Amino acid sequence: MDLGLSGKHAIVTGGSRGVGKEIALSLAAEGVHVTLTYQGQREKAEEVVGEIQATGRNAHAVKMDLADSTSMQALFQQANAQVGAADILINNAGVWPKGYIKDLTLSDWTDTINKNLTSVFLLSQLFVQQCLDHQKGGKILNITSQAAFHGATTGHAHYAASKAGILGFARSLAREHASDGITVNNLALGIVETDMIRSSLQEKEDYYLSRIPLGRVAQPKEMAEIATFLVSEKANYLTGSTFDATGGMLMR
Ligand code: NDP
């Protein structure tokens, strides 16, 4: 199936590792020029760029901090100057801090909401503005979590709230800009084997597996393939939707 992605430009936040890295690789394999972001691990990001360039495709890495709006503006300016206006934004980067509600400080709460939710608002706003300036449509895909629906079970209430907030924001954004040709969807993940969850998974593997009807955690690559389809031309009729890729952990 031709996904119609060749020649597009995608910004993938958190493309240096985990799910974002595989999304970057998957999009690049479809002929997309990928601007991937990292926060601290520049070498990892450059490795992904190198891996993509070795296949004859194009990519570059830009530093961006989810807690710093100036770095987001710089990301869009740089990506636009180097490649042109982006066609796709994948809001993938995020943090998963631990803390039970009785112990959470206001700063723990605000930090997580800022990094996981406010950043999605700011980056989406920059993307939409760029689409409007260039009189072109675009696709936004947000990576959220089953925790947005279930709530957290292991001390991540602030994370669950941030991921649930994405859903309400995305639906509003989808409504406000459908007539501009901009679509907005969400992909809710369950448990994916990445750095984010690896140590928790090792500690409580039986607990996590018991919650997944398919009986295994997901690999980042299989999540990336779904994400790639969701930003492809084959998904033009989707907007305001949330897709659950959780091995059955979330059924609604
Ligand atoms: P990883 O921890 O493996 O990778 C995180 C990525 O985000 C890295 O590229 C990292 O950059 C970047 N990043 C982290 N903090 C910041 C920050 N403050 N500013 C900018 N970039 C930052 O995460 P995953 O791949 O596991 O997660 C990807 C998405 O999937 C997240 O939104 C997560 O919430 C969601 N998700 C993951 C699940 C899982 O089981 N793994 C389950 C449900 C949802 P750098 O390399 O420079 O540190």
# chains A, B, ... in the order shown; residues from 1 in each chain; ligands from 1
$ residues_around --residues "A:Glu203" --least-positions-apart "6" --cutoff "12 Å" --atoms "only C-alpha atoms" --output "ChimeraX atom specification"
/A:154,197,209
$ write_last_selection --atoms "C-alpha atoms" --output "mmCIF file, in the first residue's frame"
data_model
loop_
_atom_site.group_PDB
_atom_site.id
_atom_site.type_symbol
_atom_site.label_atom_id
_atom_site.label_comp_id
_atom_site.auth_asym_id
_atom_site.auth_seq_id
_atom_site.Cartn_x
_atom_site.Cartn_y
_atom_site.Cartn_z
ATOM 1 C CA THR A 154 1.446 2.597 40.194
ATOM 2 C CA ILE A 197 9.381 1.824 31.584
ATOM 3 C CA LEU A 209 1.701 -8.738 31.867
#
$ residues_near_ligand --ligand "ligand 1" --cutoff "7 Å" --atoms "only C-alpha atoms and all ligand atoms" --output "MDAnalysis selection string"
chainID A and resid 13:20 37:42 44:45 64:67 92:96 115 143:146 188:197
$ write_last_selection --atoms "C-alpha atoms" --output "PDB file, in the first residue's frame"
ATOM      1  CA  THR A  13       9.417  15.128  19.198  1.00  0.00           C
ATOM      2  CA  GLY A  14      11.511  12.745  21.266  1.00  0.00           C
ATOM      3  CA  GLY A  15      12.829  11.022  18.169  1.00  0.00           C
ATOM      4  CA  SER A  16      16.150  10.143  19.743  1.00  0.00           C
ATOM      5  CA  ARG A  17      14.967   7.055  21.618  1.00  0.00           C
ATOM      6  CA  GLY A  18      12.119   4.638  22.221  1.00  0.00           C
ATOM      7  CA  VAL A  19       8.842   5.012  20.359  1.00  0.00           C
ATOM      8  CA  GLY A  20       9.872   8.339  18.771  1.00  0.00           C
ATOM      9  CA  THR A  37      14.039  16.324  18.556  1.00  0.00           C
ATOM     10  CA  TYR A  38      16.021  15.399  21.625  1.00  0.00           C
ATOM     11  CA  GLN A  39      16.493  17.066  24.951  1.00  0.00           C
ATOM     12  CA  GLY A  40      19.749  15.826  26.435  1.00  0.00           C
ATOM     13  CA  GLN A  41      20.947  12.845  24.443  1.00  0.00           C
ATOM     14  CA  ARG A  42      22.362  14.450  21.345  1.00  0.00           C
ATOM     15  CA  LYS A  44      21.435   9.175  20.376  1.00  0.00           C
ATOM     16  CA  ALA A  45      19.624  11.660  18.152  1.00  0.00           C
ATOM     17  CA  MET A  64      14.042  21.030  22.166  1.00  0.00           C
ATOM     18  CA  ASP A  65      12.950  21.132  25.792  1.00  0.00           C
ATOM     19  CA  LEU A  66       9.315  20.400  26.596  1.00  0.00           C
ATOM     20  CA  ALA A  67       9.499  22.909  29.445  1.00  0.00           C
ATOM     21  CA  ASN A  92       5.620  11.973  21.152  1.00  0.00           C
ATOM     22  CA  ALA A  93       8.144  13.217  23.742  1.00  0.00           C
ATOM     23  CA  GLY A  94       7.018  12.924  27.320  1.00  0.00           C
ATOM     24  CA  VAL A  95       8.021  12.120  30.875  1.00  0.00           C
ATOM     25  CA  TRP A  96       6.705   9.512  33.327  1.00  0.00           C
ATOM     26  CA  LYS A 115       6.091  18.847  29.930  1.00  0.00           C
ATOM     27  CA  ILE A 143       1.020   9.938  21.771  1.00  0.00           C
ATOM     28  CA  THR A 144      -1.076   9.377  24.850  1.00  0.00           C
ATOM     29  CA  SER A 145      -1.576   6.457  27.219  1.00  0.00           C
ATOM     30  CA  GLN A 146      -4.101   3.947  28.455  1.00  0.00           C
ATOM     31  CA  ALA A 188      -2.980   5.577  23.220  1.00  0.00           C
ATOM     32  CA  LEU A 189      -0.213   3.143  24.128  1.00  0.00           C
ATOM     33  CA  GLY A 190      -0.244   0.458  26.799  1.00  0.00           C
ATOM     34  CA  ILE A 191       3.146  -0.880  27.853  1.00  0.00           C
ATOM     35  CA  VAL A 192       5.972  -0.465  25.371  1.00  0.00           C
ATOM     36  CA  GLU A 193       9.496  -1.716  25.956  1.00  0.00           C
ATOM     37  CA  THR A 194      11.526   1.490  26.139  1.00  0.00           C
ATOM     38  CA  ASP A 195      13.870   3.249  28.568  1.00  0.00           C
ATOM     39  CA  MET A 196      10.829   4.969  30.119  1.00  0.00           C
ATOM     40  CA  ILE A 197       9.381   1.824  31.584  1.00  0.00           C
TER      41      ILE A 197
END
$ atom_distance --atom1 "atom CA of A:Asn186" --atom2 "atom CA of A:Gln130"
20.6 Å
$ closest_residue --among "A:Leu238, A:Leu27, A:Ala157, A:Leu104" --to "A:Lys221" --atoms "only C-alpha atoms"
A:Leu27
$ closest_residue --among "A:Leu5, A:Ala28, A:Ile90, A:Met72" --to "A:His60" --atoms "only C-alpha atoms"
A:Ala28
$ select_by_dssp --residues "stretch 51-187 of chain A" --states "alpha helix (DSSP H)" --output "ChimeraX atom specification"
/A:51-53,69-82,106-113,119-133,147-150,157-177
$ residues_around --residues "A:Ala161" --least-positions-apart "4" --cutoff "9 Å" --atoms "only C-alpha atoms" --output "MDAnalysis selection string"
chainID A and resid 113 117 147:148 151:152 156:157 165:166
$ residues_around --residues "A:Gln78" --least-positions-apart "2" --cutoff "12 Å" --atoms "only C-alpha atoms" --output "list in words"
Ile11, Thr35, Leu36, Thr37, His60, Ala61, Val62, Lys63, Met64, Ser71, Met72, Gln73, Ala74, Leu75, Phe76, Asn80, Ala81, Gln82, Val83, Gly84, Ala85 and Ala86 of chain A
$ write_last_selection --atoms "C-alpha atoms" --output "CSV table (one decimal), in the first residue's frame"
chain,number,residue,atom,x,y,z
A,11,ILE,CA,8.6,16.9,13.1
A,35,THR,CA,13.1,16.6,11.9
A,36,LEU,CA,13.5,14.7,15.2
A,37,THR,CA,14.0,16.3,18.6
A,60,HIS,CA,18.1,16.1,11.1
A,61,ALA,CA,18.1,16.5,14.8
A,62,VAL,CA,17.2,19.6,16.8
A,63,LYS,CA,17.4,20.2,20.6
A,64,MET,CA,14.0,21.0,22.2
A,71,SER,CA,13.1,26.2,22.3
A,72,MET,CA,9.9,25.1,20.6
A,73,GLN,CA,9.8,28.3,18.6
A,74,ALA,CA,13.4,27.8,17.6
A,75,LEU,CA,12.6,24.2,16.5
A,76,PHE,CA,9.9,25.4,14.1
A,80,ASN,CA,11.2,25.6,8.4
A,81,ALA,CA,14.5,27.2,7.3
A,82,GLN,CA,16.2,23.8,6.7
A,83,VAL,CA,13.4,21.8,5.1
A,84,GLY,CA,10.3,24.0,4.7
A,85,ALA,CA,7.0,24.0,6.5
A,86,ALA,CA,6.2,20.7,8.2
